[in-house]
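Trainee: Here you go, one structure.
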Amino acid sequence: MAAAALLRRIPAARAPATALMAARTISDSTAPLTIETSVPFTSHIVDPPSRDVTTTPAELLTFFRDMSLMRRMEIAADSLYKAKLIRGFCHLYDGQEAVAVGMEAAITRSDSIITAYRDHCIYLARGGDLVSAFAELMGRQAGCSRGKGGSMHFYKKDANFYGGHGIVGAQVPLGCGLAFAQKYRKEESATFALYGDGAANQGQLFEALNISALWKLPAILVCENNHYGMGTAEWRAAKSPAYYKRGDYVPGLKVDGMDVLAVKQACKFAKEHAVANGPIVLEMDTYRYHGHSMSDPGSTYRTRDEISGVRQERDPIERVRKLILAHDLATPAELKDMEKEIRKEVDDAIAKAKESPMPDTSELFTNVFVKGFGVDSFGADRKELRATLP
Amino acid sequence: MLGAARRQLGSGPMLGQVLRRLRPATAAAAEAARGYSAAAREMTVREALNTALDEEMSADPSVFLMGEEVGEYQGAYKITKGLLDKYGPDRVLDTPITEAGFTGIAVGAAYQGLRPVVEFMTFNFSMQAIDHIINSAAKSNYMSAGQISVPIVFRGPNGAAAGVGAQHSQCYAAWYAHVPGLKVLAPYSAEDARGLLKSAIRDPDPVVFLENELLYGESFPISAEVLDSSFSLPIGKAKIEREGKDVTITAYSKMVGYALQAAEILSKEGISAEVINLRSIRPLDRAAINASVRKTNRLVTLEEGFPQHGIGSEICMSVVEESFEYLDAPVERIAGADVPMPYAANLERMAVPQVDDIVRAAKRACYRAAPMAATA
């Protein structure tokens with residue numbers, strides 16, 4: 001039954017004249033394709049969207065490519081961290097790629113996204129490039145925050161990506177504030193504020209949700225439930241782990257966060273809802289392969305069987321690969337070639353990022369203020385080092 | 001006759017005005033009066049803040065107000081009176097009693113380029129939102145290398161009121177002024193309130209604006225220039241409220257009035273005190289403070305807040321670093337008592353600087369002190 005549903009498709013339009021070139025199998029077709037999500041949506045005080053998701057071969061291949069690029073970037077960051085080129089905190093997103101990619105497919109750059117510290121892939125999804133990502137991780141001038149932010153503080157304002165926040169839960173009221181501004185300016189856009197199952201218990205979240213509901217702000221609260229808040233499993237932290245229901249009077253939807261098409265459908269639904277009616281909660285059932293951060297092996301509070309089980313059964317990239325192959329949109333060899341290209345792209349970006357120098361020492365004192373009035377600022381020994389803030 | 005005038009008028013600036021009118025027209029009197037020359041009328045601090053908010057909201061549609069009771073209640077202290085009627089509920093927003101939530105929302109709106117003015121009913125409640133003030137607002141421009149600027153103002157009453165007890169009386173100047181990326185302002189007079197609030201709202205950086213509940217009802221003479229809607233005062237510049245040559249007294253907010261009273265008393269005893277109204281706690285006008293100390297050679301720092309790690313500590317250090325050779329006496333410090341604010345009126349009086357304390361410290365700095373009281 002499921003297999004039949006998977007194989008349901010509309011034949012791709014191919015001009016007869018190009019039949020001779022039909023040896024090329026990678027489809028760039030934009031003919032619509034309808035695919036069913038892995039599981040139906042579960043909803044709270046709202047009618048869920050349909051399980052049938054409209055996509056195209058081109059989009060599926062873009063999904064594969066984008067998620068593979070993110071996967072590769074995070075794995076490369078792991079190596080760079082172990083080589084001590086990345087310092088401090090490094091929170092990796094591998095396993096959760098479908099959330100970043102599916103969300104981006106459902107929205108526009110007029111919509112805003114804000115997240116916490118597991119932000120590298122959202123930055124890429126919003127149009128950030130690999131070089132500036134790796135350079136920021138290594139604290140170099142070419143970094144997206146010129147080396148002054150680090151892993152947890154990636155931003156891309158021109159794409160309405162507002163970071164990159166280190167304080168658990170703070171990004172949710174901030175995100176509701178972004179939604180406030182969108183409503184204030186009468187824009188027909190919405191804000192997606194991402195947080196984890198750990199942050200879901202934060203009081204300020206409920207404060208912001210209350211205000212968003214009262215003022216009908218176009219805010220979508222997206223709980224990326226990877227089931228562990230650092231080392232604490234959700235059942236030990238939350239009396240009610242039904243995060244999509246925690247909005248109480250605010251509707252919610254539970255989504256298979258490993259299914260990029262389900263994520264896309266849910267985000268499209270949520271945006272329409274939020275712009276018309278105010279806040280909505282999305283719970284993405286997802287999983288991170290790495291530990292909480294590079295300091296956490298991730299295996300003291302979960303079994304290796306669980307981790308490999310998810311990788312085998314629910315990996316988001318493998319799901320899309322199967323779809324692509326089942327619909328004959330590309331051959332296995334072509335997908336492998338794509339992955340090889342991506343590996344090279346990532347390696348090249350790292351090499352380029354490594355060439356970027358560390359920030360000039362004068363950068364210690366830049367951007368403290370937008371307008372510093374020529375006031376003094378000081379180094380550790382102010383008789384040795386002081387500067388004027390422009 | 002002067003004594004009678006002093007008894008009838010309780011508050012600082014009124015006293016100063018009356019004494020200026022009664023004093024013979026000497027050069028000193030003319031100098032002191034210069035600060036308030038061409039007074040068009042009188043204005044309370046409350047009215048000054050209200051008109052500043054009104055004018056800035058009128059000039060820039062991205063300015064909006066948010067806070068508890070700012071709208072329908074007309075403001076807990078009536079600072080926002082009339083603004084809901086004038087600008088509507090989209091721009092004057094009553095919030096639930098959830099500081100962390102609404103402050104975060106305001107900062108997020110500022111990320112997007114709106115210009116929120118957030119009212120804390122008192123700054124004691126700002127502690128519930130302090131993570132957003134410091135981590136979400138103050139540091140964002142730096143962490144994002146200039147991408148995310150935060151043009152927000154956090155305003156409200158700060159410091160002791162009268163009889164409100166320990167949880168409602170703390171001064172937060174030292175806490176917020178500690179943080180790079182924040183600007184911290186503390187007006188004293190109506191002119192300060194108007195000029196500094198307008199500058200704060202126009203400023204592209206996060207500003208903590210520390211008012212004082214007991215000053216809201218005080219009237220000050222105000223010139224036509226100050227009444228103009230384009231009026232503003234520069235951030236980072238102190239004002240010499242009263243010129244003098246023997247000892248410098250630095251103060252901010254309500255304590256400026258007390259310092260002026262102390263200066264009057266000291267002048268009777270032949271000590272000419274220079275009173276500096278800091279206006280800006282961060283950036284601190286170190287140049288003005290040091291220039292004054294280089295002239296007078298003596299310094300008394302005055303503040304209402306807790307003494308340890310307070311504003312006076314920073315001012316003293318600045319003077320030691322830059323003007324050590326000019327000091328003829330150790331720096332004196334007058335601050336609130338190092339205890340949570342008590343309720344009983346007699347204890348409360350002991351917990352906050354009084355004019356006598358300032359006079360005594362200034363005399364000590366001038367080596368004119370009476371023998372010191374024995375410690376308990």
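Just so we're on the same page: first chain in the structure tokens is A, next is B, and so on; residues restart at 1 for each chain, and ligands are numbered from 1 in the order they show up.
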Please return, as a ChimeraX atom specification, all residues of range 61-109 of chain A that DSSP assigns to helix (DSSP H, G or I) on the basis of the backbone.

Mentor: /A:61-82,97-106

Trainee: Using only C-alpha atoms, what does the table of chain B residues within 7 Å of chain A look like, with each row giving the shortest atom pair and its distance in Å to one decimal, sorted by chain and ascending number, as CSV?

Mentor:
residue,atom,partner,partner_atom,distance
B:Thr98,CA,A:Glu207,CA,6.0
B:Ala100,CA,A:Gln204,CA,5.7
B:Gly101,CA,A:Ala208,CA,4.7
B:Phe102,CA,A:Ala208,CA,6.7
B:Gly104,CA,A:Pro173,CA,4.7
B:Ile105,CA,A:Gly177,CA,3.7
B:Ala106,CA,A:Gly177,CA,5.7
B:Val107,CA,A:Leu174,CA,6.2
B:Gly108,CA,A:Leu174,CA,4.0
B:Ala109,CA,A:Gly177,CA,4.5
B:Gln112,CA,A:Leu178,CA,6.2
B:Leu114,CA,A:Ala181,CA,6.7
B:Asn141,CA,A:Asn367,CA,5.8
B:Tyr142,CA,A:Asn367,CA,4.8
B:Met143,CA,A:Gly149,CA,4.4
B:Ser144,CA,A:Ser145,CA,4.9
B:Ala145,CA,A:Ser145,CA,5.1
B:Gly146,CA,A:Asn367,CA,5.5
B:Gln147,CA,A:Lys157,CA,6.5
B:Pro180,CA,A:Val368,CA,6.7
B:Gly181,CA,A:Val368,CA,5.0
B:Pro204,CA,A:Val370,CA,6.2
B:Asp205,CA,A:Val370,CA,6.2
B:Pro283,CA,A:Val375,CA,6.7

Trainee: Could you check how far CA of Val226 in chain B sits from CA of Glu191 in chain B, in Å to one decimal?

Mentor: 6.3 Å

Trainee: Could you check which of B:Tyr252, B:Tyr188, B:Tyr367, B:Phe154 is closest to Arg298 in chain B, using only C-alpha atoms?

Mentor: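 Using only C-alpha atoms, Arg298 in chain B sits closest to B:Tyr367.
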
Trainee: To test your reading of the structure, identify every residue in range 198-276 of chain B that backbone DSSP assigns to strand (DSSP E), and report it as a ChimeraX atom specification.

Mentor: /B:207-211,219-223,239-242,247-251,273-276

Trainee: Glu264 in chain B: which residues within 10 Å, counting only C-alpha atoms, same-chain residues fewer than 3 positions away excluded, as a list of chain:residue names?

Mentor: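 Here the qualifying residues turn out to be B:Leu15, B:Gly16, B:Leu19, B:Arg242, B:Tyr258, B:Ala259, B:Leu260, B:Gln261, B:Ser267, B:Lys268, B:Glu269, B:Ile271, B:Ser272, B:Ala273, B:Val359.
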
Trainee: Excluding same-chain residues fewer than 3 positions from range 67-73 of chain B, what lies within 7 Å of it counting only C-alpha atoms, as a VMD selection string?

Mentor: chain B and resid 76 80 84 92 to 97 118 to 121

Trainee: So that I can see what lies close to Pro307 in chain B, please list as a list of chain:residue names the residues with an atom at most 8 Å from it, counting only C-alpha atoms and leaving out residues fewer than 5 positions away in the same chain.

Mentor: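 In the requested form, the answer reads B:Gly312, B:Ile334, B:Ala335, B:Gly336, B:Ala337, B:Asp338.
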
Trainee: At a cut-off of 9 Å, using only C-alpha atoms, what residues contact Ser229 in chain B? Leave out same-chain residues fewer than 5 positions from it and give the result as a PyMOL selection string.

Mentor: chain B and resi 51-52+55-56

Trainee: Between CA of Ser189 in chain A and CA of Ile113 in chain A, what is the distance in Å, rounded to a tenth?

Mentor: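 Between CA of Ser189 in chain A and CA of Ile113 in chain A the gap works out to 11.1 Å.
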
Trainee: Env of Arg155 in chain B: 12 Å cut, atoms = only C-alpha atoms, seq-sep filter 4 positions within chain, self excluded. Answer as a PyMOL selection string.

Mentor: chain B and resi 49+53+65-67+70+79-80+103+116-126+133+172+183-187+193+196-197+200-201+206-213

Trainee: Using only C-alpha atoms, which residue out of A:Ala213, A:Ala193, A:Ala159, A:Ile317 lies closest to Tyr123 in chain A?

Mentor: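 Counting only C-alpha atoms, the residue closest to Tyr123 in chain A is A:Ala159.
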
Trainee: I'd like the interatomic distance between CA of Asp305 in chain A and CA of Met230 in chain A, to a tenth of an Å.

Mentor: 18.7 Å
